[in-house]
Each structure stands twice: as C-alpha cells, then as structure tokens.
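Have a look at the structure below before the remarks.
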Amino acid sequence: MEQRERIDYLVDTLNKASEAYYGGEEERMTNFEWDQLFDELTELEGQTGYIRPDSPTQTTSHAESEPDAAGEKEPHEYPALSLAKTKDVAELQKWAGDRAVWLSWKLDGLTLVLTYDGGQLVKILTRGNGTIGSNITYMKEALVGVPLTVDEPGHLVVRGEATISYTDFERINDTLDEEDDKYANPRNLASGTLALDKTNLDKVKERRVTFNAFTLVHTDREILSWGDRMDWLDKLGFITVERQRTDAAGLPDAIQHFTDKVDRGEMDLPVDGLVLTYDDTEYAATGSVTGHHATRAGFAYKWQDVKAVTMLESVDWSCAASIITPVAVFAPVQLEGTTVTRASLCNISEMERLGIGENGKTEIEVIKANKIIPKCVAVRKAEGTFTIPSQCPVCGAPTEIRVNGKGDTKTLRCTNPSCPAKHLKRFSRFVSKTGMDIDGLSIQSLRVFVNQGFIRDYADIYHLSEHRDAIVELDGFGEKSYENLAAAIEKSRNAHPANFLFALCIPMIGVDAAKKILAALGSEGFAKRVEEGLPFDDVEGIGPERSRALQSWFADEENRAVYHKLLNELHLETVEPRDTTGGRCAGMTFVITGNVHIFTNRAAFKKYVEAEGGSVAGSVSGKTNFLVNNDRESTSSKNKKAAELGVPILSEEEFIGQFGQP
C-alpha cells in the first residue's frame, strides 16, 4: 500500500472509530490502538505533506463526532479549540520554557460550556465541533456540579468536562433493561446521556453526570493568573479539576504525582492523561492557531501504554442484565505495578475481530486502558476458535446470539426472562438502605454472587454463609470484608415491615404507601388481607390502582412463595393499627411545603402528624384540610391551589398552637 493510500485508510479508520466512540455506539478499537494509528498517521503526513482536511490531526480532537443533543445548535462565544498532545516529558518541558505552569487531569468525558449573566446560569452548550454546540440548558437541574446561581453579577463563561465515575458506570451498566445494550466505558455512557431529550431528565439525574470545571474562559474581573481563576471558581461553588503548580524542572515529579494516584487506583473519575497550562493567561492568549490547535492554550500529555504478552487460559462468560459478557482469564502479568489475570473481551464481535482462538492456544497482548481498565488489544498467535456457551452460566437456560440494528455487533443473551442475573435492579433495591439496609452489598458484589450461583432469590442472601470459603477468595473480598458483610446481613433480619414491603419491589408500593397501609391495618390486619386476597383501596392515600398492584403481586404463586420464604428468615417489628379517633390530627389531611423552623425537618413534621392520626399528602386537593407553609404570602402553586379551593394556610407556629408538637 502506497503512503497516500495508507493515509486515506488511516483517516477513514480513525474517523469511523471516533464517530462510534463519541457517538455512544460500540467501540471499534481501544485508545491504545487509536493512539498507535494516530501516531502513524502524523508521521506519514509529515513525510509526504499529504494532509486531508478531515484528518483527525486537523480536527478538534474527535469533537465533530459528538452525538447530536436534543437542544438547538448555537455558536460558541469563544471557540473550544483542541490541544496538541505528546507522550514525551521533554517536549512538555520545552513547551513550559521558563514560565510557571499548572498540571491538571485530562478527564475523559464530554466538554460543556456554561454561561452566566447577572449571577444566573443562562446557557449550557456542548462542545460540538468546537465552533457550534448544542444547547442543553434544559438539563441544568439534572447535572451534578452545575451551580444555578453564582455570586458574580458580570458575564462569566466556564468550560469543563462532564463525566460519569467508574462506580456509577458499573452500577448503571449492570442494571440496564433487557432491550438496552451495555456501554463500553464511562465516556460512552456520558455521551449517550447528554444526547437525551427533556423527557428523560430523570435518567440523566440517575446517572450522576458531573460537571468538572477545568478553565475559566471569560470573566469581567481582572484575574490574570490561571491558578487564581481556578481558585475563584472554587469559591463560586464549582467542582474544579485537581491541579498542581510547577515549572519545567519540576514537571517530571508533578507528572509522577498524578501517575501514582492512577496506579494506586485512587481515581474514580475516568482520565486519559494530563493537561499543562501556563499560569500567565495573557501570555497563553497570544498563541497562534495551527489547524484546530491553539498553540499556547495548553498541552496534553498521554501516558505510554505498557503492554504485556501472555497466554489465554480460559474465557469466563459473566451474565449481567440480559447480556452474557466474555472475560479473558490469562496467565498473570505485571501491568502498571499490579498483577493482572483478567480482562474484558466485550462481546462476540470483539472476540472475532481480535481472532481469539482456543483456550491454552491463544497468545494475547494486554494493556491497562488509561492505566486503569485491563484490556485485551491484540492476538499474537492462535489456534482453533473460541466456544460460545449454549447455556446461561447463571440459570442454565439456552443462550442466543443477537445482532444489533446496524448489524455490526453480536452479543450473547440468556433466553430465560426469570434469570436472576436479569434482576440485579431488584436485588439492589432489596438490599438498599430504604429496603433491608444491608451495608456493603453493592451491585457489583451482587453481580458476582449471582454469577457464582450464590444468589438466585432474595432469601439466598441470608444463606451466603454457606459460601463463606469461596467468597473470601474472590477478588475484592477477604476475611474482614466477609465478616462485615455477614454482620450487616444478620442485622438486617430485624426490620420494619414497611421497609420489607418496599424491598419486595411490588409495583407502585414505596415506603410511604407501605407505612400508610400498616398504620391503618397493623401487621396482623395486613397479613390477613394478603392471605384472603382482599383489596386495600379503603386505606387513606392508597386508592384502587395501588390496591390492584398489591393484590396482583400477592396473587402470583411465585411471589407468595418468595414472601413466605423471607418471613422465615426475618424478625419483623409488630405494628399496631393507629388510633385515628383520639389523635390531635385524627382524620385530617395536611400538605406541608417550604422550609420548617421548629420541627427538625419535614420528615419529622410528617411523622408527628401521622402519629397523631392524620395523614400527609404531596399536593393540595379537595380532600386537604390544611396547607402548612411558613411563607403564607408565597405565590407558589400550592398556595395558589389552596386559595382557589378555600383550604386554610397555617404557619408552623399556628399549626403547633392548634395541634401541638412532640
């Protein structure tokens, strides 16, 4: 292949890979492979002078492949240019010269630009192609780390990275619904999340996309030091990137400081390098623009990937949600200071692309992607081919291969809708603080225990002691971890029945609904209705829809079996029916809104009302007796509704005067 043809091939290959990676699709190659091809392209362009306009060396990193957000397209006030990058520390030192510089994380997310005027957030733009982005201001209350107001009356423009932590990425990826495909990495998940429209803000909030400010683009104040500008952002309430001031001589030690944090596993946020910035912002602004790179805006440093060669010993197939994922198990190798024995193979398509052969006859290359995630990047030699399991490793049901809509990704699925691995969301709710409150049993641990066959239903959690020896040998566990978990499980046996009902994942039955039912009927009354299949719609605040959900759930034989099996494991508190005749709030419905000053909080206020025979609703209606709001002159929707319906509005003091306090 001639050099020009090779350049064409590299440009097309890299652009397609970037489009997939930044567009929320399945990865086509690792960062390691991308960097290798990018470096080759850069060298060939330098030798030949042949540079295509769409070459990734000429574009704003890969930003033009950013997925379209639902917002309208708008031009950036200040273009978001990309940074040149290097893996050579000496090159960074030369760039720093004799000036003070700052080193900070290069986070692996999506760049957002926030604009404030008069102290109010007025706009959030995605980076887009660096010149034009998508307006996603409608997400402002769903994103973490985005102040809605700041103590600054002037014009303010802040640029930062929207990221999803590895912890949240694993939590979300392990509980995706049947029809969803798993995301390849946190960057991929963040990309898909920021492309959601206004109807999916709950999903955005659930995924905890966090804005990390990495530079102050504009302020009306005269702050010339980059470090001082970042400190000021801290004071305004932004989450800012970790940074360290240094100079050319101190750069190697500063780089090592950040590198050690990654090597020790201290970074929960995805990073793909470091960024060097001049402290003198006036000097930085005098740089020229080469292609789409601002020569003095900053310099990106990427770590040299350390590669190891080893023999594939086996492939473990791990089931989470509906997807059965292949994991390479190989002879131990040392990577970035740790011993590595396992690495994800993603899916069947990736195994085919790599050319994985039989176990024991395949020699593979392994890296730690971004120094964190073990990844198989190549096959040195192989014999035969891999075997796709015909049965689910968790439940033993038949498996099937599914191809995505584009026809380029094959995944293995379990065909059993009742497979325990498909119900990680339910197990997670069961052990949650609002449920049975089993501290230390994370969704990652649940996934491992389900795949090991230790947990098939809720009651199995209370018999994990039968697998003690196996658990202490698992990665991430040990004697101490097991003892802590065992103690938390035993503690959870003593529970309030309302938390137990919530833990059962009965549709439409949260803790509040469960408390209302138990307060009205008591433990015995509730159990009697369950056994006789009677409705619950006579309970205040339940209604026919929730009542039908309860009856339907308990009418299912499998659900009833789960319920009775758990009753044999637990010691539930006995709840007596609430006396609704003698309480000071008996028979009355209250709505509580706004801040409270005398009660500890609104939850304590609600608890008092219920203890006195009353009920607390979330909205004002014709059944509301009183609205409690310390701001009686408020123009809130609840105050307006109360006035419209003639519902009396009480301050907290007036409520206490009529109904007392604890």
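Residue numbers start at 1 in each chain; chains themselves are named A, B, ... in the order of the structure tokens; ligands are numbered from 1 in the order shown.
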
Item checked: Who sits within 12 Å of A:Ala611, only C-alpha atoms, same chain under 3 positions skipped, as a PyMOL selection string -> chain A and resi 515-516+519-520+576-587+604-608+614-616+659-662

Output for the residues just chosen: N, CA and C atoms as a PDB file, in the first residue's frame:
```pdb
ATOM      1  N   LYS A 515     -46.202   2.317  54.767  1.00  0.00           N
ATOM      2  CA  LYS A 515     -46.461   2.834  56.114  1.00  0.00           C
ATOM      3  C   LYS A 515     -47.936   3.169  56.306  1.00  0.00           C
ATOM      4  N   LYS A 516     -48.562   3.741  55.281  1.00  0.00           N
ATOM      5  CA  LYS A 516     -49.988   4.075  55.387  1.00  0.00           C
ATOM      6  C   LYS A 516     -50.830   2.822  55.586  1.00  0.00           C
ATOM      7  N   ALA A 519     -50.093   1.399  59.082  1.00  0.00           N
ATOM      8  CA  ALA A 519     -50.656   2.253  60.128  1.00  0.00           C
ATOM      9  C   ALA A 519     -52.163   2.060  60.234  1.00  0.00           C
ATOM     10  N   ALA A 520     -52.799   1.852  59.098  1.00  0.00           N
ATOM     11  CA  ALA A 520     -54.253   1.685  59.099  1.00  0.00           C
ATOM     12  C   ALA A 520     -54.684   0.290  59.540  1.00  0.00           C
ATOM     13  N   GLU A 576     -49.011  -1.994  65.376  1.00  0.00           N
ATOM     14  CA  GLU A 576     -50.421  -1.970  65.769  1.00  0.00           C
ATOM     15  C   GLU A 576     -51.159  -0.931  64.935  1.00  0.00           C
ATOM     16  N   PRO A 577     -52.432  -1.173  64.639  1.00  0.00           N
ATOM     17  CA  PRO A 577     -53.200  -0.165  63.889  1.00  0.00           C
ATOM     18  C   PRO A 577     -53.206   1.164  64.630  1.00  0.00           C
ATOM     19  N   ARG A 578     -53.035   2.248  63.902  1.00  0.00           N
ATOM     20  CA  ARG A 578     -53.013   3.563  64.520  1.00  0.00           C
ATOM     21  C   ARG A 578     -54.399   3.946  65.005  1.00  0.00           C
ATOM     22  N   ASP A 579     -54.440   4.524  66.186  1.00  0.00           N
ATOM     23  CA  ASP A 579     -55.713   5.013  66.722  1.00  0.00           C
ATOM     24  C   ASP A 579     -56.034   6.330  66.046  1.00  0.00           C
ATOM     25  N   THR A 580     -57.018   6.297  65.178  1.00  0.00           N
ATOM     26  CA  THR A 580     -57.370   7.515  64.426  1.00  0.00           C
ATOM     27  C   THR A 580     -58.520   8.283  65.062  1.00  0.00           C
ATOM     28  N   THR A 581     -58.887   7.867  66.276  1.00  0.00           N
ATOM     29  CA  THR A 581     -60.025   8.541  66.911  1.00  0.00           C
ATOM     30  C   THR A 581     -59.595   9.550  67.958  1.00  0.00           C
ATOM     31  N   GLY A 582     -58.456   9.296  68.626  1.00  0.00           N
ATOM     32  CA  GLY A 582     -58.092  10.187  69.722  1.00  0.00           C
ATOM     33  C   GLY A 582     -56.939  11.112  69.423  1.00  0.00           C
ATOM     34  N   GLY A 583     -56.262  10.966  68.267  1.00  0.00           N
ATOM     35  CA  GLY A 583     -55.118  11.809  67.949  1.00  0.00           C
ATOM     36  C   GLY A 583     -55.523  13.239  67.663  1.00  0.00           C
ATOM     37  N   ARG A 584     -54.600  14.158  67.897  1.00  0.00           N
ATOM     38  CA  ARG A 584     -54.914  15.578  67.692  1.00  0.00           C
ATOM     39  C   ARG A 584     -55.093  15.936  66.220  1.00  0.00           C
ATOM     40  N   CYS A 585     -54.564  15.068  65.311  1.00  0.00           N
ATOM     41  CA  CYS A 585     -54.723  15.312  63.868  1.00  0.00           C
ATOM     42  C   CYS A 585     -55.663  14.279  63.248  1.00  0.00           C
ATOM     43  N   ALA A 586     -56.397  13.556  64.080  1.00  0.00           N
ATOM     44  CA  ALA A 586     -57.198  12.424  63.619  1.00  0.00           C
ATOM     45  C   ALA A 586     -58.135  12.801  62.471  1.00  0.00           C
ATOM     46  N   GLY A 587     -58.069  11.988  61.415  1.00  0.00           N
ATOM     47  CA  GLY A 587     -58.999  12.132  60.294  1.00  0.00           C
ATOM     48  C   GLY A 587     -58.711  13.295  59.370  1.00  0.00           C
ATOM     49  N   ALA A 604     -39.736  14.837  59.939  1.00  0.00           N
ATOM     50  CA  ALA A 604     -40.134  14.775  61.349  1.00  0.00           C
ATOM     51  C   ALA A 604     -41.537  15.351  61.538  1.00  0.00           C
ATOM     52  N   PHE A 605     -41.850  16.399  60.815  1.00  0.00           N
ATOM     53  CA  PHE A 605     -43.184  17.012  60.855  1.00  0.00           C
ATOM     54  C   PHE A 605     -44.227  15.981  60.409  1.00  0.00           C
ATOM     55  N   LYS A 606     -43.953  15.328  59.315  1.00  0.00           N
ATOM     56  CA  LYS A 606     -44.872  14.318  58.781  1.00  0.00           C
ATOM     57  C   LYS A 606     -45.071  13.178  59.774  1.00  0.00           C
ATOM     58  N   LYS A 607     -43.985  12.744  60.397  1.00  0.00           N
ATOM     59  CA  LYS A 607     -44.055  11.646  61.364  1.00  0.00           C
ATOM     60  C   LYS A 607     -44.970  12.011  62.526  1.00  0.00           C
ATOM     61  N   TYR A 608     -44.877  13.278  62.971  1.00  0.00           N
ATOM     62  CA  TYR A 608     -45.731  13.726  64.074  1.00  0.00           C
ATOM     63  C   TYR A 608     -47.203  13.715  63.673  1.00  0.00           C
ATOM     64  N   GLY A 614     -53.291  11.737  61.734  1.00  0.00           N
ATOM     65  CA  GLY A 614     -53.527  12.434  60.480  1.00  0.00           C
ATOM     66  C   GLY A 614     -52.730  11.828  59.337  1.00  0.00           C
ATOM     67  N   SER A 615     -52.868  12.394  58.163  1.00  0.00           N
ATOM     68  CA  SER A 615     -52.101  11.939  57.007  1.00  0.00           C
ATOM     69  C   SER A 615     -51.518  13.155  56.296  1.00  0.00           C
ATOM     70  N   VAL A 616     -50.425  12.920  55.566  1.00  0.00           N
ATOM     71  CA  VAL A 616     -49.750  13.998  54.845  1.00  0.00           C
ATOM     72  C   VAL A 616     -49.740  13.654  53.367  1.00  0.00           C
ATOM     73  N   PHE A 659     -52.467  22.034  67.069  1.00  0.00           N
ATOM     74  CA  PHE A 659     -52.297  20.574  67.103  1.00  0.00           C
ATOM     75  C   PHE A 659     -51.117  20.110  67.959  1.00  0.00           C
ATOM     76  N   GLY A 660     -50.403  21.040  68.579  1.00  0.00           N
ATOM     77  CA  GLY A 660     -49.315  20.664  69.469  1.00  0.00           C
ATOM     78  C   GLY A 660     -48.056  20.265  68.726  1.00  0.00           C
ATOM     79  N   GLN A 661     -47.046  19.811  69.495  1.00  0.00           N
ATOM     80  CA  GLN A 661     -45.795  19.336  68.927  1.00  0.00           C
ATOM     81  C   GLN A 661     -45.204  18.291  69.872  1.00  0.00           C
ATOM     82  N   PRO A 662     -44.275  17.442  69.385  1.00  0.00           N
ATOM     83  CA  PRO A 662     -43.708  16.396  70.239  1.00  0.00           C
ATOM     84  C   PRO A 662     -43.019  16.982  71.473  1.00  0.00           C
TER      85      PRO A 662
END
```

Next item on the list: Write out as a PyMOL selection string the residues lying within 10 Å of stretch 527-541 of chain A, counting only C-alpha atoms and excluding same-chain residues fewer than 5 positions away.
Entry: chain A and resi 512-513+516-522+546-555+560+587+589+614-617

So that I have them on file, write out the residues from the current selection with C-alpha atoms, as an mmCIF file, in the first residue's frame.
```cif
data_model
loop_
_atom_site.group_PDB
_atom_site.id
_atom_site.type_symbol
_atom_site.label_atom_id
_atom_site.label_comp_id
_atom_site.auth_asym_id
_atom_site.auth_seq_id
_atom_site.Cartn_x
_atom_site.Cartn_y
_atom_site.Cartn_z
ATOM 1 C CA ASP A 512 -44.803 5.822 52.325
ATOM 2 C CA ALA A 513 -47.566 3.682 50.839
ATOM 3 C CA LYS A 516 -49.988 4.075 55.387
ATOM 4 C CA ILE A 517 -51.265 0.519 54.939
ATOM 5 C CA LEU A 518 -49.572 -0.763 58.084
ATOM 6 C CA ALA A 519 -50.656 2.253 60.128
ATOM 7 C CA ALA A 520 -54.253 1.685 59.099
ATOM 8 C CA LEU A 521 -54.357 -2.116 59.370
ATOM 9 C CA GLY A 522 -51.438 -3.118 61.575
ATOM 10 C CA ARG A 546 -52.161 0.721 44.215
ATOM 11 C CA SER A 547 -54.619 -1.720 45.709
ATOM 12 C CA ARG A 548 -54.778 -3.675 42.435
ATOM 13 C CA ALA A 549 -50.963 -3.684 42.217
ATOM 14 C CA LEU A 550 -50.744 -5.201 45.702
ATOM 15 C CA GLN A 551 -53.430 -7.780 45.065
ATOM 16 C CA SER A 552 -51.923 -8.791 41.723
ATOM 17 C CA TRP A 553 -48.461 -9.205 43.200
ATOM 18 C CA PHE A 554 -49.635 -11.399 46.060
ATOM 19 C CA ALA A 555 -51.957 -13.365 43.753
ATOM 20 C CA ARG A 560 -46.216 -15.518 47.517
ATOM 21 C CA GLY A 587 -58.999 12.132 60.294
ATOM 22 C CA THR A 589 -55.111 15.555 55.723
ATOM 23 C CA GLY A 614 -53.527 12.434 60.480
ATOM 24 C CA SER A 615 -52.101 11.939 57.007
ATOM 25 C CA VAL A 616 -49.750 13.998 54.845
ATOM 26 C CA ALA A 617 -50.312 14.358 51.103
#
```

Next item on the list: Once DSSP has gone over the backbone, tell me which residues of stretch 27-250 of chain A are in alpha helix (DSSP H), as a PyMOL selection string.
Entry: chain A and resi 31-48+89-96+166-173+186-194+201-206+226-236

Per residue of stretch 418-465 of chain A within 7 Å of stretch 378-394 of chain A, which atom pair is closest and at what distance in Å (one decimal), using only C-alpha atoms, listed by chain and increasing number, as JSON lines?
```
{"residue": "A:Ala421", "atom": "CA", "partner": "A:Val394", "partner_atom": "CA", "distance": 6.9}
{"residue": "A:Val450", "atom": "CA", "partner": "A:Val394", "partner_atom": "CA", "distance": 6.9}
{"residue": "A:Asn451", "atom": "CA", "partner": "A:Val394", "partner_atom": "CA", "distance": 5.3}
{"residue": "A:Gly453", "atom": "CA", "partner": "A:Val394", "partner_atom": "CA", "distance": 6.1}
```

The selected residues should be written to file as a compact mmCIF listing (two decimals), in the first residue's frame (atoms: N, CA and C atoms).
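Writing the result to out_36.txt gives the following:
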```
# COMPACT_ATOMS: atom_id res chain seq x y z
N ALA A 421 -29.81 -13.09 37.00
CA ALA A 421 -28.90 -12.03 36.55
C ALA A 421 -29.64 -10.88 35.89
N VAL A 450 -24.37 -13.50 42.07
CA VAL A 450 -25.36 -14.11 41.17
C VAL A 450 -24.67 -14.99 40.14
N ASN A 451 -23.57 -14.49 39.56
CA ASN A 451 -22.85 -15.27 38.55
C ASN A 451 -22.16 -16.50 39.14
N GLY A 453 -23.57 -18.23 41.36
CA GLY A 453 -24.65 -19.13 41.73
C GLY A 453 -24.99 -19.09 43.21
```

Check: If we count only C-alpha atoms, what is near A:Val333 at a cut-off of 10 Å, once residues fewer than 6 positions away on the same chain are taken out, given as JSON, numbers by chain?
Finding: {"A": [307, 308, 309, 310, 311, 339, 340, 341, 342, 366, 367]}

Check: What's the 10 Å shell around A:Val113, counting only C-alpha atoms, without same-chain residues fewer than 6 positions away, as a ChimeraX atom specification?
Finding: /A:76-78,80,123-127,133,135,157-162,211,213,215-217

Margin query: My list of candidates is A:Ser349, A:Ser225, A:Thr137, A:Gln58. Which is closest to A:Glu282 when distances are computed with only C-alpha atoms?
Written below: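 Of A:Ser349, A:Ser225, A:Thr137, A:Gln58, the one nearest A:Glu282 is A:Ser225, counting only C-alpha atoms.
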
Margin query: With only C-alpha atoms as the counted atoms, please give the residues lying no more than 10 Å from A:Val403, apart from itself and same-chain residues fewer than 4 positions off, as an MDAnalysis selection string.
Written below: chainID A and resid 348:349 407:412

Please write the residues from the selection above to a file, keeping N, CA and C atoms, as a compact mmCIF listing (two decimals), in the first residue's frame.
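File produced: part.txt:
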```
# COMPACT_ATOMS: atom_id res chain seq x y z
N ILE A 348 -19.01 -10.94 21.36
CA ILE A 348 -18.58 -11.92 20.35
C ILE A 348 -17.89 -11.23 19.17
N SER A 349 -18.40 -10.08 18.75
CA SER A 349 -17.81 -9.36 17.62
C SER A 349 -16.37 -8.98 17.91
N GLY A 407 -26.15 -4.19 12.56
CA GLY A 407 -25.59 -5.43 12.05
C GLY A 407 -24.11 -5.59 12.27
N ASP A 408 -23.49 -4.79 13.17
CA ASP A 408 -22.04 -4.87 13.33
C ASP A 408 -21.61 -5.33 14.72
N THR A 409 -22.55 -5.67 15.58
CA THR A 409 -22.19 -6.12 16.92
C THR A 409 -23.03 -7.31 17.34
N LYS A 410 -22.35 -8.40 17.69
CA LYS A 410 -23.03 -9.61 18.14
C LYS A 410 -22.82 -9.80 19.64
N THR A 411 -23.91 -10.00 20.35
CA THR A 411 -23.83 -10.24 21.79
C THR A 411 -24.55 -11.54 22.12
N LEU A 412 -24.17 -12.14 23.24
CA LEU A 412 -24.79 -13.37 23.71
C LEU A 412 -25.81 -13.04 24.78
```

Note to self: Please identify the strand (DSSP E) residues within stretch 179-355 of chain A (assignment by DSSP from backbone atoms) and present them as a count of residues only.
What the structure shows: 62

Checklist line | Å distance separating atom CA of A:Ser619 from atom CA of A:Pro544, one decimal place | finding: 18.4 Å

Notebook entry, point to check: How many Å lie between atom CA of A:Arg187 and atom CA of A:Ile239, rounded to one decimal?
Noted result: 18.4 Å
